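Since the structure comes first, as structure tokens, the remarks are kept for the end.
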Amino acid sequence: MRTYVLTVFDKSGEKLLDESFEAVNDQEAKRLGEERLAKEGYLEHTHRCVSPDAKLILFHR
């Protein structure tokens, strides 16, 4: 398992969500990240999800 980081920001730059989660690969991490964003209602907020090697998996501005 690999550890990914999901971060969500409001318009002022304040972090609304900053959490780590584990996934087997980048595809699973993207799916899990999108599910978490949808659950919290953050799909339209600025967000990013990065892999352990700093690869950007999800990004929305």
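Ligands are numbered from 1 in the order shown, residues from 1 within each chain, and chains are lettered A, B, ... in the order they appear in the structure tokens.
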Those in chain A with helix (DSSP H, G or I) from DSSP, as a ChimeraX atom specification: /A:26-40
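Considering only C-alpha atoms, the residue among A:Lys39, A:Arg31, A:Arg48, A:Arg61 positioned nearest to Val8 of chain A is A:Arg48.
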Neighbour list for Asp26 of chain A as a PDB file with C-alpha atoms, in the first residue's frame, cut-off 9 Å, only C-alpha atoms, skip fewer than 6 positions in-chain:
ATOM      1  CA  ARG A   2       1.096   3.544  -0.736  1.00  0.00           C
ATOM      2  CA  TYR A   4      -1.480   9.558  -0.628  1.00  0.00           C
ATOM      3  CA  SER A  51       1.286  10.346  -4.446  1.00  0.00           C
ATOM      4  CA  ILE A  57      -3.153  12.448  -9.031  1.00  0.00           C
TER       5      ILE A  57
END
Run DSSP on the backbone and give me the residues of segment 5-53 of chain A it puts in strand (DSSP E or B), as number ranges by chain. A: 5-9, 15-23, 46-50
Select, from A:Glu19, A:Pro52, A:Ala38, A:Leu43, the residue with the minimum atom-to-atom distance to Met1 of chain A, counting only C-alpha atoms. A:Pro52
